[in-house]
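> Mind looking over this structure? Questions follow.
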2 protein chains.
Amino acid sequence: MKQIDGGITAVPGIQAAGIHAGIKKAELKDLAIIVTDAPAAAAGVFTKNSVTAAPVLVCRQHLSDSVAQAIIINSGNANACTGELGMSNAQRMASTTAEQLGIDENLVLVSSTGVIGQQLPIDKIENGIQIAANSLSAAGGADAAEAIMTTDTHPKSAAVEMEIDGKPVRIGGIAKGSGMIAPNMATMLSYLTTDANINSEMLQSALNRVVNNTYNLLTVDTDRSTNDTVIILTTANAENTEIVEAKGTHYETFCEGLQFVCTELVKMLARDGEGATKLVEVVVKHARNRGDAEKAARAVAESPLVKTAVFANDANWGRIMMAIGKSGAEFDPYQVDVLLADYVLVKNGMDAGYDEEKATQLFDNDPVRITIDLRAGDAEITMWTCDYSYDYIRINADYRT
Amino acid sequence: MKQIDGGITAVPGIQAAGIHAGIKKAELKDLAIIVTDAPAAAAGVFTKNSVTAAPVLVCRQHLSDSVAQAIIINSGNANACTGELGMSNAQRMASTTAEQLGIDENLVLVSSTGVIGQQLPIDKIENGIQIAANSLSAAGGADAAEAIMTTDTHPKSAAVEMEIDGKPVRIGGIAKGSGMIAPNMATMLSYLTTDANINSEMLQSALNRVVNNTYNLLTVDTDRSTNDTVIILTTANAENTEIVEAKGTHYETFCEGLQFVCTELVKMLARDGEGATKLVEVVVKHARNRGDAEKAARAVAESPLVKTAVFANDANWGRIMMAIGKSGAEFDPYQVDVLLADYVLVKNGMDAGYDEEKATQLFDNDPVRITIDLRAGDAEITMWTCDYSYDYIRINADYRT
């Protein structure tokens, strides 16, 4: 497996574009389109927030047959909490895109991200869809990655090439969100493409598995958007024998490639978390089971006290012990070790007699890795987050004003 | 029922003191003692954090017979994650206090609050206990309230007098903590006294009920300390007939008084949350049941995005809808109303067409009250929190450095 350039359009048979439709005030790109040459097997994972945005409801309908050919995405407005008019506007985004491409509207998936509770400027968007459809290009991945940004400070894309069944297979992806789980400009969105020959059921199976080990283990600020979406499309043009079972080398290799692309995107999301100055990896080892590992890791990764300490380069391990203690995971506090990078701060639940100055320097590492060994079992997990800085407050306090 | 002065020593038969023992560097008070004239019925509620501080373990042991006569409390050091030496030091605090007062050491309860993971300066504390025991006074409540402070910006006390069974009964209390759930200087501590004639079982029952409706509905930053403690002692000197059942007017009146004192203390804690500029009350109405009401209220009260919006006087209701949507509470998004004070921001899950300028002014209210009507049932709950400001980051990033 090797990393390659091109992001979402690294995969042959995928075209994309990103343009300014006028939803955002400045001349920023705010409308993206991704298209496959022919109807493609598709799979998606969507927000579990019960306040669900209209485009997510449209995606669920249009994905019921696991086939799609285009994705239309606007930034600057989330089309959430917008009632019947919001639903009708989301459907109009699909039908206008379908019309421009000469395909059935059930083949079009729709996403929106931005402010909650305002109606879409649907005329501007319909006009923009026409421009975007005419700008489609096999080199358009970078523009699409830019057009889906909200409070992101830079676009996020990744791609790999690997061999399955002796044949070259590619996976590309883009993502946005200054949080899993971001602010007003809500929403984590990610789009993935591949040419792997894999049926839609296995595509969904691989996506579920990888999302569970990547996007679902990313946290910036504990909040969960009304619009979160991960979608994968495959052209199935690679020459490997079709993958039809969730086991065996071919399926595993595909999952590894997908895991790699998604992990790269997740790290980019955490590093670009609102106000973040550091990417933080929280590793929990030897937990009783996966549930306990995730509880402990999440409690540390979501603790405002841990995150402010990381911002301050402060090896304040008492806060880490507090966080795992409140997590509900089962362990003996006097069996726990805590490491910063490979440096032991806590041995058997107590101060290991570390050097504060040396510990402080380890916060220059990228990523900052905090490892917690619970010595309670065999389960291990890695979560990704960032620190809390003054800018987190500034960005979220000033956002609308 | 009327509010009275005197805090913890407003109750006849209670003496207290607060002195500087030398645990904190500056000449700040750091050791408090509270004593009843005779052994008293006692009840306590302690942290559920599985990383439990040594003094909490000592309290649980010494409260097994529901009788106590003294509480010794140090600030500046939490005596948590300190192993066997920590346990032995907590026990020495009890035995030294017992010796000074000439009582059995099982009658002494112990609390500590401050940095996690360092051993207590036990010689200074033992010396301080001697000074504190010699400073006991029926006017010492204010000094005790001051001596238990850590990052608090001011001491917190409250007291009431009411009639039970036609006889005057008093309840007094003090508390500390810049969070339920505060930082490095961990810990919410609260001590309550009364002269109500009530048996220890009913005292525990009333305490559990009131803690569940007050301290457990307070959140500053979601973190839970290793040392959280609420203790109540009664001299039982009031002349009401002994309360022996968890029902009837007398028990209910006592609970009302206790609820009042604890609510006052909880509001002081939230208003003094780290970096707080505003006290926020989150009211959830017409939830399906109490569990759903608490889930929805907690999701709003703990959302960093809601808290930064409150700091910015921004009526950003999309973040409130997002928070209740992720909470797990069951409701129809298009039945929800959201009010700021009595001003309707959201009607039936959508923008009510409110005036931004008017909404902004409502953030000058104290408290800022956010009401969410789920129209899904009959349950209602109020939670208390504060906003997130730049100072939250400053205080927690700079704390140890």
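Residues are referred to by chain and number: the chain letter is A, B, ... according to the order shown in the structure tokens, the number counts from 1 in that chain, and ligands are numbered separately from 1 in the order shown.
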As a ChimeraX atom specification, please: the residues near region 65-73 of chain B (cut-off 9 Å, only C-alpha atoms, same-chain neighbours under 2 positions excluded).
/B:30-44,61-63,75,93-94,97-98,101,103,106-113,129,144,147-148,191,200-201,204,233
> Keeping only C-alpha atoms, write those residues as a compact mmCIF listing (two decimals), in the first residue's frame.

# COMPACT_ATOMS: atom_id res chain seq x y z
CA ASP B 30 -6.09 26.01 54.47
CA LEU B 31 -7.44 24.00 57.41
CA ALA B 32 -11.05 23.97 58.67
CA ILE B 33 -12.68 22.19 61.58
CA ILE B 34 -16.37 21.75 62.36
CA VAL B 35 -17.46 20.31 65.73
CA THR B 36 -20.77 19.47 67.42
CA ASP B 37 -21.14 19.69 71.22
CA ALA B 38 -21.98 15.99 71.43
CA PRO B 39 -21.94 12.97 69.09
CA ALA B 40 -24.42 13.71 66.28
CA ALA B 41 -26.45 11.74 63.77
CA ALA B 42 -24.59 12.10 60.47
CA ALA B 43 -25.10 11.26 56.80
CA GLY B 44 -22.87 11.61 53.77
CA GLN B 61 -15.50 3.78 57.41
CA HIS B 62 -16.21 6.33 60.14
CA LEU B 63 -19.78 6.92 58.95
CA SER B 75 -7.31 22.52 51.17
CA MET B 93 -5.73 13.60 60.55
CA ALA B 94 -8.67 11.85 62.26
CA THR B 97 -8.26 15.73 65.75
CA ALA B 98 -9.83 13.17 68.12
CA LEU B 101 -10.99 17.19 71.19
CA ILE B 103 -13.23 12.12 71.56
CA ASN B 106 -14.32 7.07 64.77
CA LEU B 107 -16.31 10.26 65.44
CA VAL B 108 -14.02 12.30 63.13
CA LEU B 109 -14.66 12.70 59.39
CA VAL B 110 -11.84 13.81 57.07
CA SER B 111 -11.75 15.72 53.75
CA SER B 112 -8.95 16.99 51.54
CA THR B 113 -9.01 19.10 48.38
CA ILE B 129 -5.12 20.77 63.89
CA ALA B 144 -14.24 27.57 57.90
CA ALA B 147 -10.36 27.70 54.69
CA ILE B 148 -11.88 25.08 52.35
CA TYR B 191 -20.87 20.54 54.86
CA SER B 200 -29.86 9.14 61.08
CA GLU B 201 -31.73 6.98 58.56
CA GLN B 204 -29.49 10.09 54.96
CA LEU B 233 -24.62 16.55 60.98
> Rounded to one decimal, what separation in Å do you get between CA of Val266 (chain A) and CA of Asp366 (chain A)?
14.5 Å
> Do a neighbour search on region 240-255 of chain B at 9 Å with only C-alpha atoms, toss out local chain neighbours closer than 3 positions, and write the hits as a PyMOL selection string.
chain B and resi 162-169+171+196-203+205-207+209-210+236-237+258-260
> Just N, CA, C and O atoms for this one: save the residues we selected as a short mmCIF file (atom, residue, chain, number, x, y, z; two decimals), in the first residue's frame.

data_model
loop_
_atom_site.label_atom_id
_atom_site.label_comp_id
_atom_site.auth_asym_id
_atom_site.auth_seq_id
_atom_site.Cartn_x
_atom_site.Cartn_y
_atom_site.Cartn_z
N MET B 162 -36.70 27.48 59.90
CA MET B 162 -38.10 27.17 59.53
C MET B 162 -38.78 26.60 60.76
O MET B 162 -38.16 26.46 61.82
N GLU B 163 -40.07 26.30 60.64
CA GLU B 163 -40.77 25.66 61.76
C GLU B 163 -41.14 24.24 61.38
O GLU B 163 -41.70 23.98 60.32
N ILE B 164 -40.81 23.31 62.26
CA ILE B 164 -41.26 21.92 62.09
C ILE B 164 -41.98 21.55 63.36
O ILE B 164 -41.44 21.75 64.46
N ASP B 165 -43.21 21.07 63.24
CA ASP B 165 -43.93 20.66 64.44
C ASP B 165 -44.10 21.87 65.38
O ASP B 165 -44.07 21.74 66.61
N GLY B 166 -44.17 23.08 64.79
CA GLY B 166 -44.35 24.29 65.59
C GLY B 166 -43.09 24.77 66.29
O GLY B 166 -43.11 25.75 67.04
N LYS B 167 -41.95 24.09 66.06
CA LYS B 167 -40.71 24.48 66.75
C LYS B 167 -39.70 25.03 65.74
O LYS B 167 -39.62 24.53 64.61
N PRO B 168 -38.89 26.01 66.13
CA PRO B 168 -37.87 26.52 65.20
C PRO B 168 -36.76 25.51 64.97
O PRO B 168 -36.26 24.89 65.91
N VAL B 169 -36.41 25.33 63.70
CA VAL B 169 -35.34 24.41 63.30
C VAL B 169 -34.44 25.15 62.32
O VAL B 169 -34.93 25.89 61.47
N ILE B 171 -31.01 25.07 59.53
CA ILE B 171 -30.07 24.30 58.69
C ILE B 171 -29.03 25.29 58.16
O ILE B 171 -29.39 26.35 57.66
N ALA B 196 -32.34 19.89 63.63
CA ALA B 196 -33.60 19.15 63.51
C ALA B 196 -33.50 17.83 64.26
O ALA B 196 -32.47 17.14 64.21
N ASN B 197 -34.59 17.50 64.93
CA ASN B 197 -34.66 16.21 65.61
C ASN B 197 -35.11 15.18 64.57
O ASN B 197 -36.30 15.08 64.24
N ILE B 198 -34.15 14.44 64.04
CA ILE B 198 -34.41 13.51 62.93
C ILE B 198 -33.44 12.35 63.08
O ILE B 198 -32.27 12.57 63.42
N ASN B 199 -33.89 11.12 62.89
CA ASN B 199 -32.96 10.01 63.08
C ASN B 199 -32.00 9.89 61.89
O ASN B 199 -32.21 10.50 60.83
N SER B 200 -30.93 9.13 62.07
CA SER B 200 -29.86 9.14 61.08
C SER B 200 -30.32 8.55 59.75
O SER B 200 -29.88 8.98 58.69
N GLU B 201 -31.24 7.59 59.80
CA GLU B 201 -31.73 6.98 58.56
C GLU B 201 -32.50 8.01 57.72
O GLU B 201 -32.32 8.11 56.51
N MET B 202 -33.34 8.79 58.39
CA MET B 202 -34.11 9.82 57.68
C MET B 202 -33.21 10.97 57.22
O MET B 202 -33.45 11.60 56.19
N LEU B 203 -32.14 11.22 58.00
CA LEU B 203 -31.18 12.26 57.61
C LEU B 203 -30.51 11.88 56.29
O LEU B 203 -30.39 12.68 55.37
N SER B 205 -31.74 9.74 54.11
CA SER B 205 -32.78 9.73 53.08
C SER B 205 -33.02 11.14 52.54
O SER B 205 -33.08 11.35 51.31
N ALA B 206 -33.14 12.12 53.44
CA ALA B 206 -33.36 13.51 53.01
C ALA B 206 -32.14 14.02 52.23
O ALA B 206 -32.28 14.70 51.20
N LEU B 207 -30.94 13.67 52.70
CA LEU B 207 -29.72 14.12 52.02
C LEU B 207 -29.65 13.55 50.61
O LEU B 207 -29.37 14.27 49.64
N ARG B 209 -32.07 12.55 48.68
CA ARG B 209 -33.08 13.17 47.83
C ARG B 209 -32.64 14.56 47.38
O ARG B 209 -32.74 14.91 46.20
N VAL B 210 -32.15 15.35 48.33
CA VAL B 210 -31.80 16.73 48.01
C VAL B 210 -30.53 16.81 47.16
O VAL B 210 -30.45 17.60 46.21
N ALA B 236 -29.71 17.58 66.76
CA ALA B 236 -31.02 17.09 67.20
C ALA B 236 -31.55 17.85 68.42
O ALA B 236 -32.38 17.34 69.17
N ASN B 237 -31.06 19.08 68.60
CA ASN B 237 -31.48 19.86 69.77
C ASN B 237 -32.78 20.62 69.58
O ASN B 237 -33.31 21.18 70.55
N LEU B 258 -33.72 21.94 53.51
CA LEU B 258 -32.43 21.42 53.03
C LEU B 258 -32.27 21.73 51.54
O LEU B 258 -31.19 22.15 51.09
N GLN B 259 -33.36 21.56 50.79
CA GLN B 259 -33.34 21.86 49.36
C GLN B 259 -33.00 23.34 49.14
O GLN B 259 -32.21 23.68 48.26
N PHE B 260 -33.57 24.22 49.97
CA PHE B 260 -33.32 25.65 49.81
C PHE B 260 -31.83 25.97 50.05
O PHE B 260 -31.19 26.65 49.24
#
> Suppose you want the space between CA of Trp317 (chain B) and CA of Gly117 (chain A); what is it in Å?
8.2 Å
> Taking only C-alpha atoms into account, name the residue in B:Ala297, B:Val211, B:Ala16, B:Ala323 that is nearest to chain A.
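Selected residue with least distance to chain A: B:Ala323.
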> Write out as a PyMOL selection string each polymer residue whose atoms come within 9 Å of region 79-87 of chain B, counting only C-alpha atoms; drop sequence neighbours fewer than 2 positions from it.
(chain A and resi 318+321+333-334+349-351) or (chain B and resi 51-55+57-58+77+89-92+111-120+226-227)
> Which polymer residues have any atom within 12 Å of an atom of Gly377 (chain B), counting only C-alpha atoms, with same-chain residues fewer than 5 positions away left out, as a PDB file with N, CA and C atoms, in the first residue's frame?

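That gives us out21.pdb:
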ATOM      1  N   VAL B 284     -35.765  21.922  31.644  1.00  0.00           N
ATOM      2  CA  VAL B 284     -36.420  21.080  30.633  1.00  0.00           C
ATOM      3  C   VAL B 284     -37.807  20.738  31.136  1.00  0.00           C
ATOM      4  N   LYS B 285     -38.838  21.061  30.336  1.00  0.00           N
ATOM      5  CA  LYS B 285     -40.236  20.835  30.705  1.00  0.00           C
ATOM      6  C   LYS B 285     -40.854  19.769  29.822  1.00  0.00           C
ATOM      7  N   HIS B 286     -41.861  19.088  30.381  1.00  0.00           N
ATOM      8  CA  HIS B 286     -42.660  18.137  29.607  1.00  0.00           C
ATOM      9  C   HIS B 286     -41.811  17.078  28.902  1.00  0.00           C
ATOM     10  N   ALA B 287     -40.812  16.569  29.635  1.00  0.00           N
ATOM     11  CA  ALA B 287     -40.069  15.417  29.117  1.00  0.00           C
ATOM     12  C   ALA B 287     -40.883  14.155  29.404  1.00  0.00           C
ATOM     13  N   ARG B 288     -40.554  13.087  28.687  1.00  0.00           N
ATOM     14  CA  ARG B 288     -41.260  11.810  28.832  1.00  0.00           C
ATOM     15  C   ARG B 288     -41.157  11.303  30.266  1.00  0.00           C
ATOM     16  N   ASN B 289     -39.976  11.454  30.878  1.00  0.00           N
ATOM     17  CA  ASN B 289     -39.774  11.040  32.269  1.00  0.00           C
ATOM     18  C   ASN B 289     -38.542  11.780  32.814  1.00  0.00           C
ATOM     19  N   ARG B 290     -38.251  11.572  34.090  1.00  0.00           N
ATOM     20  CA  ARG B 290     -37.147  12.309  34.712  1.00  0.00           C
ATOM     21  C   ARG B 290     -35.806  11.999  34.026  1.00  0.00           C
ATOM     22  N   GLY B 291     -35.618  10.731  33.634  1.00  0.00           N
ATOM     23  CA  GLY B 291     -34.371  10.349  32.973  1.00  0.00           C
ATOM     24  C   GLY B 291     -34.164  11.146  31.695  1.00  0.00           C
ATOM     25  N   ASP B 292     -35.206  11.252  30.884  1.00  0.00           N
ATOM     26  CA  ASP B 292     -35.115  12.030  29.645  1.00  0.00           C
ATOM     27  C   ASP B 292     -34.901  13.515  29.939  1.00  0.00           C
ATOM     28  N   ALA B 293     -35.587  14.034  30.963  1.00  0.00           N
ATOM     29  CA  ALA B 293     -35.438  15.451  31.315  1.00  0.00           C
ATOM     30  C   ALA B 293     -33.985  15.736  31.671  1.00  0.00           C
ATOM     31  N   ALA B 329     -32.611  11.604  24.728  1.00  0.00           N
ATOM     32  CA  ALA B 329     -34.002  11.788  25.164  1.00  0.00           C
ATOM     33  C   ALA B 329     -34.930  11.595  23.961  1.00  0.00           C
ATOM     34  N   GLU B 330     -36.136  11.065  24.217  1.00  0.00           N
ATOM     35  CA  GLU B 330     -37.081  10.847  23.116  1.00  0.00           C
ATOM     36  C   GLU B 330     -38.066  11.997  22.999  1.00  0.00           C
ATOM     37  N   PHE B 331     -38.167  12.564  21.806  1.00  0.00           N
ATOM     38  CA  PHE B 331     -39.104  13.663  21.551  1.00  0.00           C
ATOM     39  C   PHE B 331     -39.195  13.873  20.057  1.00  0.00           C
ATOM     40  N   ASP B 332     -40.204  14.654  19.642  1.00  0.00           N
ATOM     41  CA  ASP B 332     -40.369  14.993  18.238  1.00  0.00           C
ATOM     42  C   ASP B 332     -39.732  16.365  18.020  1.00  0.00           C
ATOM     43  N   GLN B 335     -41.813  19.425  17.663  1.00  0.00           N
ATOM     44  CA  GLN B 335     -42.753  19.793  18.728  1.00  0.00           C
ATOM     45  C   GLN B 335     -42.041  20.673  19.775  1.00  0.00           C
TER      46      GLN B 335
END
> If you run DSSP on this backbone, which residues of region 56-175 of chain B come out as helix (DSSP H, G or I), and could you give them as an mmCIF file with N, CA and C atoms, in the first residue's frame?

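See selection26.cif below for the written result:
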data_model
loop_
_atom_site.group_PDB
_atom_site.id
_atom_site.type_symbol
_atom_site.label_atom_id
_atom_site.label_comp_id
_atom_site.auth_asym_id
_atom_site.auth_seq_id
_atom_site.Cartn_x
_atom_site.Cartn_y
_atom_site.Cartn_z
ATOM 1 N N VAL B 56 -11.893 10.125 51.594
ATOM 2 C CA VAL B 56 -13.248 9.628 51.314
ATOM 3 C C VAL B 56 -13.401 8.205 51.866
ATOM 4 N N LEU B 57 -12.341 7.399 51.711
ATOM 5 C CA LEU B 57 -12.385 6.029 52.249
ATOM 6 C C LEU B 57 -12.498 6.065 53.771
ATOM 7 N N VAL B 58 -11.776 6.985 54.428
ATOM 8 C CA VAL B 58 -11.855 7.119 55.887
ATOM 9 C C VAL B 58 -13.265 7.551 56.307
ATOM 10 N N CYS B 59 -13.845 8.519 55.585
ATOM 11 C CA CYS B 59 -15.215 8.967 55.886
ATOM 12 C C CYS B 59 -16.200 7.802 55.824
ATOM 13 N N ARG B 60 -16.082 6.990 54.750
ATOM 14 C CA ARG B 60 -17.027 5.874 54.597
ATOM 15 C C ARG B 60 -16.928 4.935 55.798
ATOM 16 N N GLN B 61 -15.693 4.643 56.229
ATOM 17 C CA GLN B 61 -15.502 3.782 57.415
ATOM 18 C C GLN B 61 -16.132 4.411 58.652
ATOM 19 N N HIS B 62 -15.800 5.679 58.893
ATOM 20 C CA HIS B 62 -16.211 6.332 60.145
ATOM 21 C C HIS B 62 -17.693 6.672 60.167
ATOM 22 N N GLY B 83 -1.713 6.159 47.674
ATOM 23 C CA GLY B 83 -1.391 4.827 48.172
ATOM 24 C C GLY B 83 -1.539 4.651 49.683
ATOM 25 N N GLU B 84 -0.717 3.748 50.241
ATOM 26 C CA GLU B 84 -0.843 3.409 51.664
ATOM 27 C C GLU B 84 -0.458 4.573 52.567
ATOM 28 N N LEU B 85 0.561 5.339 52.162
ATOM 29 C CA LEU B 85 0.958 6.492 52.974
ATOM 30 C C LEU B 85 -0.185 7.507 53.044
ATOM 31 N N GLY B 86 -0.893 7.662 51.913
ATOM 32 C CA GLY B 86 -2.042 8.575 51.885
ATOM 33 C C GLY B 86 -3.122 8.128 52.859
ATOM 34 N N MET B 87 -3.418 6.832 52.898
ATOM 35 C CA MET B 87 -4.428 6.304 53.828
ATOM 36 C C MET B 87 -3.978 6.548 55.267
ATOM 37 N N SER B 88 -2.720 6.269 55.536
ATOM 38 C CA SER B 88 -2.228 6.436 56.900
ATOM 39 C C SER B 88 -2.266 7.911 57.312
ATOM 40 N N ASN B 89 -1.975 8.816 56.366
ATOM 41 C CA ASN B 89 -2.056 10.253 56.686
ATOM 42 C C ASN B 89 -3.495 10.704 56.945
ATOM 43 N N ALA B 90 -4.436 10.186 56.169
ATOM 44 C CA ALA B 90 -5.849 10.549 56.390
ATOM 45 C C ALA B 90 -6.286 10.074 57.776
ATOM 46 N N GLN B 91 -5.832 8.861 58.146
ATOM 47 C CA GLN B 91 -6.180 8.342 59.475
ATOM 48 C C GLN B 91 -5.523 9.177 60.582
ATOM 49 N N ARG B 92 -4.301 9.647 60.320
ATOM 50 C CA ARG B 92 -3.635 10.505 61.326
ATOM 51 C C ARG B 92 -4.372 11.828 61.505
ATOM 52 N N MET B 93 -4.931 12.364 60.405
ATOM 53 C CA MET B 93 -5.726 13.596 60.553
ATOM 54 C C MET B 93 -6.895 13.349 61.509
ATOM 55 N N ALA B 94 -7.538 12.176 61.382
ATOM 56 C CA ALA B 94 -8.674 11.848 62.264
ATOM 57 C C ALA B 94 -8.200 11.647 63.697
ATOM 58 N N SER B 95 -7.123 10.890 63.886
ATOM 59 C CA SER B 95 -6.710 10.564 65.263
ATOM 60 C C SER B 95 -6.166 11.789 65.985
ATOM 61 N N THR B 96 -5.439 12.655 65.258
ATOM 62 C CA THR B 96 -4.937 13.882 65.889
ATOM 63 C C THR B 96 -6.091 14.799 66.298
ATOM 64 N N THR B 97 -7.089 14.907 65.423
ATOM 65 C CA THR B 97 -8.262 15.732 65.754
ATOM 66 C C THR B 97 -8.978 15.158 66.978
ATOM 67 N N ALA B 98 -9.156 13.830 66.992
ATOM 68 C CA ALA B 98 -9.832 13.166 68.116
ATOM 69 C C ALA B 98 -9.096 13.441 69.435
ATOM 70 N N GLU B 99 -7.777 13.343 69.361
ATOM 71 C CA GLU B 99 -6.946 13.572 70.542
ATOM 72 C C GLU B 99 -7.126 15.001 71.079
ATOM 73 N N GLN B 100 -7.086 15.970 70.163
ATOM 74 C CA GLN B 100 -7.240 17.380 70.561
ATOM 75 C C GLN B 100 -8.599 17.643 71.200
ATOM 76 N N LEU B 101 -9.632 16.941 70.700
ATOM 77 C CA LEU B 101 -10.991 17.190 71.188
ATOM 78 C C LEU B 101 -11.370 16.245 72.324
ATOM 79 N N GLU B 105 -11.722 8.484 67.745
ATOM 80 C CA GLU B 105 -11.357 8.860 66.376
ATOM 81 C C GLU B 105 -12.392 8.427 65.340
ATOM 82 N N ASN B 106 -13.234 7.453 65.689
ATOM 83 C CA ASN B 106 -14.318 7.068 64.771
ATOM 84 C C ASN B 106 -15.371 8.155 64.616
ATOM 85 N N LEU B 107 -15.348 9.151 65.514
ATOM 86 C CA LEU B 107 -16.310 10.260 65.440
ATOM 87 C C LEU B 107 -15.814 11.389 64.525
ATOM 88 N N ILE B 122 2.134 16.213 56.479
ATOM 89 C CA ILE B 122 1.344 15.790 57.642
ATOM 90 C C ILE B 122 1.793 16.479 58.939
ATOM 91 N N ASP B 123 3.088 16.827 59.042
ATOM 92 C CA ASP B 123 3.540 17.526 60.259
ATOM 93 C C ASP B 123 2.872 18.897 60.385
ATOM 94 N N LYS B 124 2.867 19.643 59.272
ATOM 95 C CA LYS B 124 2.195 20.948 59.280
ATOM 96 C C LYS B 124 0.710 20.803 59.621
ATOM 97 N N ILE B 125 0.093 19.748 59.071
ATOM 98 C CA ILE B 125 -1.345 19.563 59.308
ATOM 99 C C ILE B 125 -1.609 19.212 60.769
ATOM 100 N N GLU B 126 -0.780 18.345 61.341
ATOM 101 C CA GLU B 126 -0.993 17.974 62.744
ATOM 102 C C GLU B 126 -0.807 19.184 63.660
ATOM 103 N N ASN B 127 0.173 19.984 63.349
ATOM 104 C CA ASN B 127 0.367 21.233 64.098
ATOM 105 C C ASN B 127 -0.845 22.156 63.925
ATOM 106 N N GLY B 128 -1.329 22.230 62.679
ATOM 107 C CA GLY B 128 -2.487 23.077 62.379
ATOM 108 C C GLY B 128 -3.748 22.604 63.099
ATOM 109 N N ILE B 129 -3.917 21.302 63.216
ATOM 110 C CA ILE B 129 -5.116 20.767 63.890
ATOM 111 C C ILE B 129 -5.171 21.260 65.337
ATOM 112 N N GLN B 130 -3.994 21.288 65.962
ATOM 113 C CA GLN B 130 -3.922 21.770 67.345
ATOM 114 C C GLN B 130 -4.378 23.241 67.428
ATOM 115 N N ILE B 131 -3.867 24.067 66.494
ATOM 116 C CA ILE B 131 -4.256 25.485 66.473
ATOM 117 C C ILE B 131 -5.753 25.612 66.198
ATOM 118 N N ALA B 132 -6.247 24.859 65.228
ATOM 119 C CA ALA B 132 -7.658 24.961 64.832
ATOM 120 C C ALA B 132 -8.577 24.555 65.985
ATOM 121 N N ALA B 133 -8.223 23.466 66.660
ATOM 122 C CA ALA B 133 -9.060 22.989 67.769
ATOM 123 C C ALA B 133 -9.131 24.035 68.879
ATOM 124 N N ASN B 134 -8.042 24.789 69.056
ATOM 125 C CA ASN B 134 -8.024 25.838 70.086
ATOM 126 C C ASN B 134 -8.699 27.124 69.619
ATOM 127 N N GLY B 141 -17.996 29.976 61.459
ATOM 128 C CA GLY B 141 -18.462 29.453 60.167
ATOM 129 C C GLY B 141 -17.803 30.132 58.973
ATOM 130 N N ALA B 142 -17.654 31.440 59.050
ATOM 131 C CA ALA B 142 -17.089 32.189 57.917
ATOM 132 C C ALA B 142 -15.627 31.800 57.682
ATOM 133 N N ASP B 143 -14.866 31.644 58.774
ATOM 134 C CA ASP B 143 -13.467 31.225 58.632
ATOM 135 C C ASP B 143 -13.371 29.824 58.025
ATOM 136 N N ALA B 144 -14.257 28.933 58.453
ATOM 137 C CA ALA B 144 -14.243 27.570 57.901
ATOM 138 C C ALA B 144 -14.559 27.597 56.411
ATOM 139 N N ALA B 145 -15.567 28.414 56.024
ATOM 140 C CA ALA B 145 -15.951 28.507 54.600
ATOM 141 C C ALA B 145 -14.763 29.004 53.777
ATOM 142 N N GLU B 146 -13.962 29.884 54.358
ATOM 143 C CA GLU B 146 -12.806 30.433 53.652
ATOM 144 C C GLU B 146 -11.672 29.403 53.564
ATOM 145 N N ALA B 147 -11.500 28.626 54.624
ATOM 146 C CA ALA B 147 -10.359 27.702 54.685
ATOM 147 C C ALA B 147 -10.494 26.524 53.732
#
> Mind pulling up the distance from CA of Gly177 (chain A) to CA of Gly18 (chain A)?
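Here the two named atoms are 16.7 Å from each other.
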> Determine, counting only C-alpha atoms, which protein, DNA and RNA residues have an atom within 8 Å of an atom of Ser389 (chain B); residues of the same chain fewer than 2 positions away are not included. Present the result as a list in words.
Ile393 of chain A; Gly275, Ala276, Thr277, Thr308, Phe311, Asp387, Asp391, Tyr392 and Ile393 of chain B
> List every residue of region 138-346 of chain A that DSSP, applied to the backbone, labels as strand (DSSP E or B), and write the result as an MDAnalysis selection string.
chainID A and resid 156:164 167:176 189:194 198 218 229:234 243 279:287 337:340 343:346
> Which of these residues is nearest to chain B, using only C-alpha atoms: A:Ile174, A:Val368, A:Val300, A:Ala26?
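Among A:Ile174, A:Val368, A:Val300, A:Ala26, it is A:Val300 that comes nearest to chain B.
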> Just checking: using only C-alpha atoms, which residue out of B:Arg271, B:Thr385, B:Asp337, B:Ile324 ends up closest to Lys48 (chain A)?
B:Ile324
> For region 4-15 of chain A, list every protein, DNA or RNA residue within 7 Å, evaluated using only C-alpha atoms, and leave out those in the same chain fewer than 2 positions away; present the list as a list of chain:residue names.
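Neighbouring residues, sequence-local ones excluded: A:Lys2, A:Ile34, A:Val35, A:Thr36, A:Asp37, A:Leu136, A:Ser137, A:Ala138, A:Ala139, A:Gly140, A:Gly141, A:Ser157, A:Ala158, A:Ala159, A:Val160, A:Glu161, A:Arg170, A:Ile171, A:Gly172, A:Gly173, A:Ile174, A:Leu192, A:Thr193, A:Thr194, A:Asp195, A:Thr235.
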> Nearest to Val344 (chain A) among A:Glu264, A:Asp373, A:Asp364, A:Asp314, with distances taken over only C-alpha atoms: which residue is it?
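Residue with the minimum atom-to-atom distance to Val344 (chain A): A:Asp373.
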